[in-house]
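Text of final16.cif (mmCIF, C-alpha atoms) as supplied:
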```cif
data_input
#
loop_
_atom_site.label_atom_id
_atom_site.label_comp_id
_atom_site.auth_asym_id
_atom_site.auth_seq_id
_atom_site.Cartn_x
_atom_site.Cartn_y
_atom_site.Cartn_z
CA LEU A 88 88.61 56.62 214.13
CA ARG A 89 90.28 53.26 213.49
CA THR A 90 91.40 53.05 217.13
CA LYS A 91 87.87 53.83 218.30
CA MET A 92 86.40 51.16 216.01
CA ASP A 93 88.95 48.61 217.25
CA ALA A 94 88.07 49.44 220.87
CA GLU A 95 84.34 49.08 220.17
CA GLU A 96 84.97 45.75 218.45
CA ARG A 97 86.96 44.47 221.44
CA ILE A 98 84.16 45.52 223.81
CA SER A 99 81.58 43.82 221.58
CA THR A 100 83.66 40.61 221.44
CA LYS A 101 84.11 40.61 225.22
CA LYS A 102 80.35 41.08 225.78
CA LYS A 103 79.65 38.19 223.41
CA MET A 104 82.15 35.96 225.23
CA ASP A 105 80.66 36.96 228.62
CA LEU A 106 77.17 36.16 227.36
CA GLU A 107 78.34 32.76 226.11
CA GLY A 108 79.99 32.05 229.46
CA LEU A 109 76.84 33.10 231.33
CA SER A 110 74.75 30.88 229.04
CA VAL A 111 76.96 27.86 229.74
CA ILE A 112 76.68 28.41 233.51
CA CYS A 113 72.91 28.89 233.51
CA SER A 114 72.27 25.90 231.24
CA ASP A 115 74.19 23.54 233.53
CA LEU A 116 72.46 24.12 236.87
CA GLY A 117 70.10 21.18 236.51
CA VAL A 118 67.02 19.88 234.70
CA ALA A 119 63.34 19.64 235.59
CA GLU A 120 61.74 16.21 235.97
CA GLU A 121 58.35 16.10 234.24
CA ASP A 122 55.42 13.70 234.06
CA GLY A 123 53.67 12.59 230.87
CA ASP A 124 51.74 15.86 230.72
CA ARG A 125 54.97 17.89 230.96
CA ARG A 126 54.14 19.07 234.49
CA ARG A 127 57.15 19.51 236.72
CA ILE A 128 57.31 16.82 239.40
CA GLY A 129 60.93 17.20 240.49
CA TYR A 130 64.33 18.62 239.74
CA SER A 131 67.77 17.06 239.25
CA LYS A 132 70.75 19.30 239.90
CA SER A 133 73.81 18.93 237.69
CA ASP A 134 77.13 17.60 239.00
CA TYR A 135 78.51 21.14 238.86
CA CYS A 136 75.44 22.94 240.22
CA LEU A 137 77.19 24.46 243.25
CA ASP A 138 80.20 25.59 241.20
CA ASN A 139 77.89 27.12 238.60
CA LEU A 140 75.94 29.00 241.27
CA LYS A 141 79.22 30.45 242.55
CA ASP A 142 80.20 31.41 238.98
CA LEU A 143 76.81 33.04 238.49
CA LEU A 144 77.42 35.04 241.67
CA ARG A 145 80.73 36.26 240.23
CA PHE A 146 78.94 37.42 237.07
CA LEU A 147 76.34 39.28 239.15
CA ARG A 148 78.98 40.93 241.33
CA ARG A 149 80.63 42.31 238.18
CA ASP A 150 77.33 43.41 236.64
CA ASP A 151 77.18 47.12 235.82
CA PRO A 152 74.70 48.67 238.34
CA GLU A 153 73.29 50.97 235.65
CA SER A 154 72.93 48.68 232.63
CA ARG A 155 72.46 45.44 234.66
CA GLU A 156 72.97 43.30 231.54
CA VAL A 157 73.59 40.10 233.53
CA PHE A 158 70.47 40.67 235.65
CA LYS A 159 68.33 41.27 232.56
CA GLN A 160 69.69 38.22 230.76
CA VAL A 161 69.19 35.90 233.75
CA CYS A 162 65.61 37.19 234.08
CA ALA A 163 64.98 36.81 230.34
CA TRP A 164 66.09 33.16 230.58
CA ASN A 165 63.69 32.67 233.53
CA ILE A 166 66.48 31.12 235.64
CA VAL A 167 64.76 31.90 238.97
CA SER A 168 61.59 29.92 238.20
CA LYS A 169 63.37 27.30 236.10
CA ASP A 170 66.34 26.56 238.37
CA LEU A 171 66.83 28.60 241.55
CA ILE A 172 63.41 27.98 243.08
CA PRO A 173 63.48 24.21 242.32
CA ILE A 174 67.03 23.96 243.75
CA ILE A 175 65.90 25.56 247.03
CA GLU A 176 62.69 23.49 247.14
CA HIS A 177 64.20 20.09 246.32
CA TYR A 178 67.62 20.32 248.00
CA GLN A 179 66.68 21.82 251.36
CA ASP A 180 69.15 19.59 253.23
CA GLU A 181 72.14 20.81 251.20
CA HIS A 182 72.98 23.96 253.14
CA ASN A 183 75.73 25.25 250.82
CA LEU A 184 73.56 24.82 247.75
CA VAL A 185 70.59 26.65 249.30
CA LEU A 186 72.85 29.37 250.71
CA ASN A 187 74.43 30.13 247.33
CA ALA A 188 71.03 30.08 245.59
CA VAL A 189 69.80 32.63 248.16
CA LYS A 190 72.88 34.78 247.54
CA VAL A 191 72.05 34.80 243.82
CA LEU A 192 68.46 35.84 244.64
CA VAL A 193 69.78 38.72 246.77
CA PHE A 194 71.81 40.07 243.85
CA LEU A 195 68.96 39.61 241.37
CA THR A 196 66.43 41.43 243.58
CA MET A 197 68.64 44.42 244.46
CA PRO A 198 66.78 47.77 244.15
CA ILE A 199 67.18 49.67 240.88
CA GLU A 200 69.76 52.45 240.74
CA PRO A 201 68.09 55.85 240.07
CA ASP A 202 70.33 56.50 237.02
CA SER A 203 69.87 52.97 235.70
CA ASP A 204 69.02 52.12 232.09
CA ASP A 205 65.68 50.57 231.05
CA VAL A 206 64.03 51.23 234.42
CA PRO A 207 60.52 50.11 233.26
CA GLN A 208 62.00 46.84 231.93
CA GLN A 209 63.86 46.26 235.19
CA ILE A 210 60.71 46.94 237.21
CA GLU A 211 58.85 44.32 235.15
CA TYR A 212 61.58 41.75 235.71
CA LEU A 213 61.61 42.46 239.46
CA TRP A 214 57.85 41.99 239.72
CA GLY A 215 58.29 38.70 237.85
CA LEU A 216 60.81 37.58 240.49
CA LYS A 217 58.52 38.67 243.33
CA SER A 218 55.60 36.78 241.80
CA ALA A 219 57.65 33.60 241.28
CA ILE A 220 58.87 33.64 244.89
CA THR A 221 55.43 34.46 246.32
CA PHE A 222 53.81 31.47 244.61
CA SER A 223 56.62 29.04 245.47
CA ASN A 224 57.50 27.20 248.69
CA ILE A 225 60.95 28.67 249.21
CA VAL A 226 60.22 31.29 251.88
CA ALA A 227 59.83 28.57 254.52
CA VAL A 228 63.15 27.03 253.44
CA ILE A 229 64.91 30.41 253.57
CA VAL A 230 63.47 31.08 257.04
CA SER A 231 64.85 27.71 258.21
CA LEU A 232 68.36 29.06 257.52
CA LEU A 233 67.84 31.34 260.52
CA GLU A 234 67.10 28.54 262.98
CA THR A 235 70.67 28.21 264.30
CA PRO A 236 71.45 31.98 264.34
CA LEU A 237 68.22 32.69 266.29
CA GLU A 238 69.04 29.94 268.79
CA SER A 239 72.51 31.45 269.19
CA LEU A 240 70.93 34.87 269.68
CA GLU A 241 68.73 33.52 272.46
CA SER A 242 71.63 31.80 274.23
CA ASP A 243 74.02 34.79 273.88
CA GLU A 244 76.30 32.79 271.56
CA PHE A 245 75.56 34.88 268.48
CA ASN A 246 78.74 35.19 266.38
CA GLU A 247 79.85 36.88 263.15
CA GLU A 248 78.85 33.91 260.96
CA ASP A 249 75.35 33.98 262.48
CA TRP A 250 75.15 37.73 261.86
CA LYS A 251 76.20 37.41 258.20
CA LEU A 252 73.47 34.81 257.62
CA VAL A 253 70.82 36.95 259.33
CA GLN A 254 71.93 39.97 257.30
CA LEU A 255 71.74 37.99 254.05
CA VAL A 256 68.17 36.83 254.71
CA LEU A 257 67.05 40.26 255.92
CA THR A 258 68.51 41.82 252.76
CA LEU A 259 66.58 39.41 250.55
CA PHE A 260 63.30 40.24 252.30
CA ARG A 261 64.10 43.97 252.17
CA ASN A 262 64.74 43.67 248.42
CA LEU A 263 61.47 41.83 247.82
CA LEU A 264 59.47 44.26 249.95
CA ALA A 265 61.09 47.15 248.05
CA ILE A 266 59.57 45.86 244.78
CA HIS A 267 56.71 48.26 245.22
CA ASP A 268 56.50 50.74 242.34
CA ILE A 269 54.52 49.99 239.20
CA SER A 270 55.98 51.07 235.86
CA PRO A 271 53.99 53.24 233.38
CA ILE A 272 53.86 50.24 231.03
CA GLN A 273 52.27 48.10 233.75
CA LYS A 274 49.77 50.86 234.60
CA ALA A 275 48.89 51.21 230.91
CA GLY A 276 48.18 47.49 230.77
CA GLU A 277 45.40 47.97 233.36
CA SER A 278 47.02 45.40 235.66
CA THR A 279 47.51 47.75 238.63
CA CYS A 280 45.09 45.70 240.76
CA TYR A 281 47.15 42.56 240.12
CA PHE A 282 50.35 44.18 241.43
CA LEU A 283 48.56 45.65 244.46
CA SER A 284 47.15 42.20 245.18
CA LEU A 285 50.58 40.61 244.77
CA ARG A 286 52.05 43.09 247.29
CA ASP A 287 49.41 42.05 249.83
CA GLN A 288 49.86 38.36 249.09
CA PHE A 289 53.59 38.64 249.73
CA LEU A 290 52.94 40.36 253.08
CA GLU A 291 50.45 37.60 253.97
CA LEU A 292 53.08 34.99 253.06
CA LEU A 293 55.64 36.65 255.36
CA SER A 294 53.10 36.64 258.17
CA ARG A 295 52.13 33.00 257.54
CA GLU A 296 55.77 31.86 257.59
CA ASN A 297 56.46 33.83 260.82
CA VAL A 298 58.87 36.20 259.05
CA MET A 299 57.12 39.20 260.62
CA ASP A 300 57.72 37.68 264.07
CA ILE A 301 61.42 37.22 263.21
CA PHE A 302 61.66 40.92 262.26
CA LEU A 303 60.24 41.80 265.69
CA VAL A 304 62.52 39.41 267.59
CA ILE A 305 65.62 40.80 265.87
CA THR A 306 64.44 44.38 266.50
CA GLN A 307 63.89 43.68 270.19
CA THR A 308 67.41 42.28 270.62
CA ILE A 309 69.21 44.94 268.59
CA GLU A 310 70.06 47.06 271.65
CA GLY A 311 71.21 44.09 273.74
CA ARG A 312 74.72 42.94 274.47
CA ASN A 313 75.06 41.74 270.89
CA SER A 314 76.37 44.81 269.10
CA LEU A 315 76.65 43.03 265.72
CA LEU A 316 72.96 43.49 264.93
CA ARG A 317 73.24 47.25 265.49
CA HIS A 318 74.88 47.42 262.06
CA ASP A 319 71.48 46.47 260.61
CA ASN A 320 69.48 49.36 262.10
CA LEU A 321 68.97 50.97 258.69
CA LEU A 322 68.15 47.63 257.04
CA LEU A 323 65.40 46.96 259.59
CA LEU A 324 64.05 50.51 259.23
CA GLU A 325 63.81 49.97 255.47
CA ILE A 326 61.97 46.68 256.02
CA TYR A 327 59.38 48.36 258.26
CA HIS A 328 59.10 51.27 255.81
CA TYR A 329 58.22 48.96 252.92
CA ILE A 330 55.86 46.84 255.03
CA LEU A 331 53.86 49.93 256.02
CA LEU A 332 54.15 51.83 252.73
CA GLY A 333 50.72 52.30 251.16
CA GLN A 334 48.85 50.79 254.13
CA ASP A 335 45.97 52.55 255.89
#
```
Show me the file's structure as C-alpha cells.
Amino acid sequence: LRTKMDAEERISTKKKMDLEGLSVICSDLGVAEEDGDRRRIGYSKSDYCLDNLKDLLRFLRRDDPESREVFKQVCAWNIVSKDLIPIIEHYQDEHNLVLNAVKVLVFLTMPIEPDSDDVPQQIEYLWGLKSAITFSNIVAVIVSLLETPLESLESDEFNEEDWKLVQLVLTLFRNLLAIHDISPIQKAGESTCYFLSLRDQFLELLSRENVMDIFLVITQTIEGRNSLLRHDNLLLLEIYHYILLGQD
C-alpha cells in the first residue's frame, strides 16, 4: 500500500511539474497589443516565441491520446485564439514561426480517439478551435505555404520537403473538416443550427481561399510521375468524405 501511495504521489508531482512547464511555455509566446477600448490591434511575439512553439510541440507529441491532458489545458487557456492565430496573422513573413504554429494546430485538431476520455468535452474544444480559425484570417496565410510546393509540382521539381509541407497542410484541413459531430451536451443546448452553420461557413471559407481548387489539383497529379503524393491517397479520400458528409 505504501509503495502504491508513493508511486501515485510521484505521478501527481510529475503532472504538476509538467503543467507548470506547459504554463511557462504558453505564457511566453507573446502579448496582444490593445487600443484604449481593449480591442486587439496587434501582437508582439516574445524573444523566445519560436523556441516555445517547439517546446509546445514536444508536449503535444507526448500527450496521452486517450486523456489528452495537454490538449485540454491548451484549449482551456485559449492559446489558439490568444496566441497562435495572432502569430500566424501578424508574422506571415517569418516562415519558421508560421510553420511551427501550423504544426501545433495540426496536433491540437487531431481527431478524437474512440476510447478517449471526456469525449463530449473534447468535441466542444474542437468546435471552439474550428470556430476561431473560421473567423480569423489565417487560412489564406496557411495556403500561401503551398505556393512553392505547387510551383515545384507543376515544373516536375517536387521533392520530399515539398511533399512534407503539402502533407502537413492537408492534414490540418482534414482535421478541421473532421470536426463534424455534435456532442449530446451541444444538442441539449439547442445550438445545433449554429454548428451546422459553422460547418457550412468553413466550407465556404475553403472555397473562397481556393483550398478546394488545391485539393483538386493535388488529386489530378497524384497518379503522375511524382509518386510521393500517392502516399496521401487515404488523406485525400478522407478530405472528400468530410466535405461531402451531410450534403444533399
Have a look at A:Lys132, A:Ile309, A:Ala219, A:Tyr212 and name the one nearest to Leu321 in chain A; count only C-alpha atoms.
A:Ile309
Which residues are near range 197-205 of chain A? Cut-off 12 Å, only C-alpha atoms, ignore same chain within fewer than 2 positions. Put them as a short mmCIF file (atom, residue, chain, number, x, y, z; two decimals) with C-alpha atoms, in the frame of the given file.
```cif
data_model
loop_
_atom_site.label_atom_id
_atom_site.label_comp_id
_atom_site.auth_asym_id
_atom_site.auth_seq_id
_atom_site.Cartn_x
_atom_site.Cartn_y
_atom_site.Cartn_z
CA LEU A 147 76.34 39.28 239.15
CA ARG A 148 78.98 40.93 241.33
CA ASP A 150 77.33 43.41 236.64
CA ASP A 151 77.18 47.12 235.82
CA PRO A 152 74.70 48.67 238.34
CA GLU A 153 73.29 50.97 235.65
CA SER A 154 72.93 48.68 232.63
CA ARG A 155 72.46 45.44 234.66
CA GLU A 156 72.97 43.30 231.54
CA PHE A 158 70.47 40.67 235.65
CA LYS A 159 68.33 41.27 232.56
CA LYS A 190 72.88 34.78 247.54
CA VAL A 191 72.05 34.80 243.82
CA LEU A 192 68.46 35.84 244.64
CA VAL A 193 69.78 38.72 246.77
CA PHE A 194 71.81 40.07 243.85
CA LEU A 195 68.96 39.61 241.37
CA PRO A 207 60.52 50.11 233.26
CA GLN A 208 62.00 46.84 231.93
CA GLN A 209 63.86 46.26 235.19
CA ILE A 210 60.71 46.94 237.21
CA GLU A 211 58.85 44.32 235.15
CA TYR A 212 61.58 41.75 235.71
CA LEU A 213 61.61 42.46 239.46
CA TRP A 214 57.85 41.99 239.72
CA LEU A 216 60.81 37.58 240.49
CA LYS A 217 58.52 38.67 243.33
CA LEU A 255 71.74 37.99 254.05
CA THR A 258 68.51 41.82 252.76
CA LEU A 259 66.58 39.41 250.55
CA PHE A 260 63.30 40.24 252.30
CA ARG A 261 64.10 43.97 252.17
CA ASN A 262 64.74 43.67 248.42
CA LEU A 263 61.47 41.83 247.82
CA LEU A 264 59.47 44.26 249.95
CA ALA A 265 61.09 47.15 248.05
CA ILE A 266 59.57 45.86 244.78
CA HIS A 267 56.71 48.26 245.22
CA ASP A 268 56.50 50.74 242.34
CA SER A 270 55.98 51.07 235.86
CA ILE A 272 53.86 50.24 231.03
CA GLU A 325 63.81 49.97 255.47
#
```
At a cut-off of 9 Å, using only C-alpha atoms, what residues contact Thr221 in chain A? Leave out same-chain residues fewer than 3 positions from it and give the result as a PDB file with C-alpha atoms, in the coordinates of the input.
```
ATOM      1  CA  LEU A 216      60.810  37.580 240.490  1.00  0.00           C
ATOM      2  CA  LYS A 217      58.520  38.670 243.330  1.00  0.00           C
ATOM      3  CA  SER A 218      55.600  36.780 241.800  1.00  0.00           C
ATOM      4  CA  ASN A 224      57.500  27.200 248.690  1.00  0.00           C
ATOM      5  CA  ILE A 225      60.950  28.670 249.210  1.00  0.00           C
ATOM      6  CA  VAL A 226      60.220  31.290 251.880  1.00  0.00           C
ATOM      7  CA  LEU A 285      50.580  40.610 244.770  1.00  0.00           C
ATOM      8  CA  GLN A 288      49.860  38.360 249.090  1.00  0.00           C
ATOM      9  CA  PHE A 289      53.590  38.640 249.730  1.00  0.00           C
ATOM     10  CA  LEU A 292      53.080  34.990 253.060  1.00  0.00           C
TER      11      LEU A 292
END
```
Find the residues near range 113-128 of chain A: any atom within 10 Å, counting all atoms listed in the file, skip ones fewer than 2 places away on the same chain, and give them as a list in words.
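In the requested format, the answer is Glu107, Gly108, Leu109, Ser110, Val111, Tyr130, Ser131, Lys132, Ser133, Asp134, Tyr135, Cys136, Leu137, Asp138, Asn139, Leu140, Asp142, Leu143, Val161, Trp164, Asn165, Ile166, Lys169, Asp170, Leu171, Pro173 and Ile174 of chain A.
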Could you write out as a PyMOL selection string the residues that the PyMOL selection byres ((chain A and resi 183) around 12) matches in the shown file?
chain A and resi 136-138+140-141+174-175+178-182+184-190+232+252
In file coordinates, which residues lie within 12 Å of (74.1, 36.9, 259.8) using only C-alpha atoms, given as a VMD selection string?
chain A and resid 186 232 to 237 239 to 240 245 to 258 305 315 to 319
Just C-alpha atoms for this one: save the residues we selected as a PDB file, in the coordinates of the input.
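Output below, filename selection_4.pdb:
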```pdb
ATOM      1  CA  LEU A 186      72.850  29.370 250.710  1.00  0.00           C
ATOM      2  CA  LEU A 232      68.360  29.060 257.520  1.00  0.00           C
ATOM      3  CA  LEU A 233      67.840  31.340 260.520  1.00  0.00           C
ATOM      4  CA  GLU A 234      67.100  28.540 262.980  1.00  0.00           C
ATOM      5  CA  THR A 235      70.670  28.210 264.300  1.00  0.00           C
ATOM      6  CA  PRO A 236      71.450  31.980 264.340  1.00  0.00           C
ATOM      7  CA  LEU A 237      68.220  32.690 266.290  1.00  0.00           C
ATOM      8  CA  SER A 239      72.510  31.450 269.190  1.00  0.00           C
ATOM      9  CA  LEU A 240      70.930  34.870 269.680  1.00  0.00           C
ATOM     10  CA  PHE A 245      75.560  34.880 268.480  1.00  0.00           C
ATOM     11  CA  ASN A 246      78.740  35.190 266.380  1.00  0.00           C
ATOM     12  CA  GLU A 247      79.850  36.880 263.150  1.00  0.00           C
ATOM     13  CA  GLU A 248      78.850  33.910 260.960  1.00  0.00           C
ATOM     14  CA  ASP A 249      75.350  33.980 262.480  1.00  0.00           C
ATOM     15  CA  TRP A 250      75.150  37.730 261.860  1.00  0.00           C
ATOM     16  CA  LYS A 251      76.200  37.410 258.200  1.00  0.00           C
ATOM     17  CA  LEU A 252      73.470  34.810 257.620  1.00  0.00           C
ATOM     18  CA  VAL A 253      70.820  36.950 259.330  1.00  0.00           C
ATOM     19  CA  GLN A 254      71.930  39.970 257.300  1.00  0.00           C
ATOM     20  CA  LEU A 255      71.740  37.990 254.050  1.00  0.00           C
ATOM     21  CA  VAL A 256      68.170  36.830 254.710  1.00  0.00           C
ATOM     22  CA  LEU A 257      67.050  40.260 255.920  1.00  0.00           C
ATOM     23  CA  THR A 258      68.510  41.820 252.760  1.00  0.00           C
ATOM     24  CA  ILE A 305      65.620  40.800 265.870  1.00  0.00           C
ATOM     25  CA  LEU A 315      76.650  43.030 265.720  1.00  0.00           C
ATOM     26  CA  LEU A 316      72.960  43.490 264.930  1.00  0.00           C
ATOM     27  CA  ARG A 317      73.240  47.250 265.490  1.00  0.00           C
ATOM     28  CA  HIS A 318      74.880  47.420 262.060  1.00  0.00           C
ATOM     29  CA  ASP A 319      71.480  46.470 260.610  1.00  0.00           C
TER      30      ASP A 319
END
```
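Between CA of Ser284 in chain A and CA of Ile330 in chain A the separation is 13.9 Å.
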At a cut-off of 12 Å from (57.0, 49.8, 256.0) in the coordinates of the file, what residues are picked up using only C-alpha atoms, written as a list of chain:residue names?
A:Arg261, A:Leu264, A:Ala265, A:His267, A:Leu290, A:Met299, A:Phe302, A:Leu322, A:Leu323, A:Leu324, A:Glu325, A:Ile326, A:Tyr327, A:His328, A:Tyr329, A:Ile330, A:Leu331, A:Leu332, A:Gly333, A:Gln334, A:Asp335
Expressed in Å to a single decimal, how great is the separation between CA of Val157 in chain A and CA of Asp105 in chain A?
9.2 Å
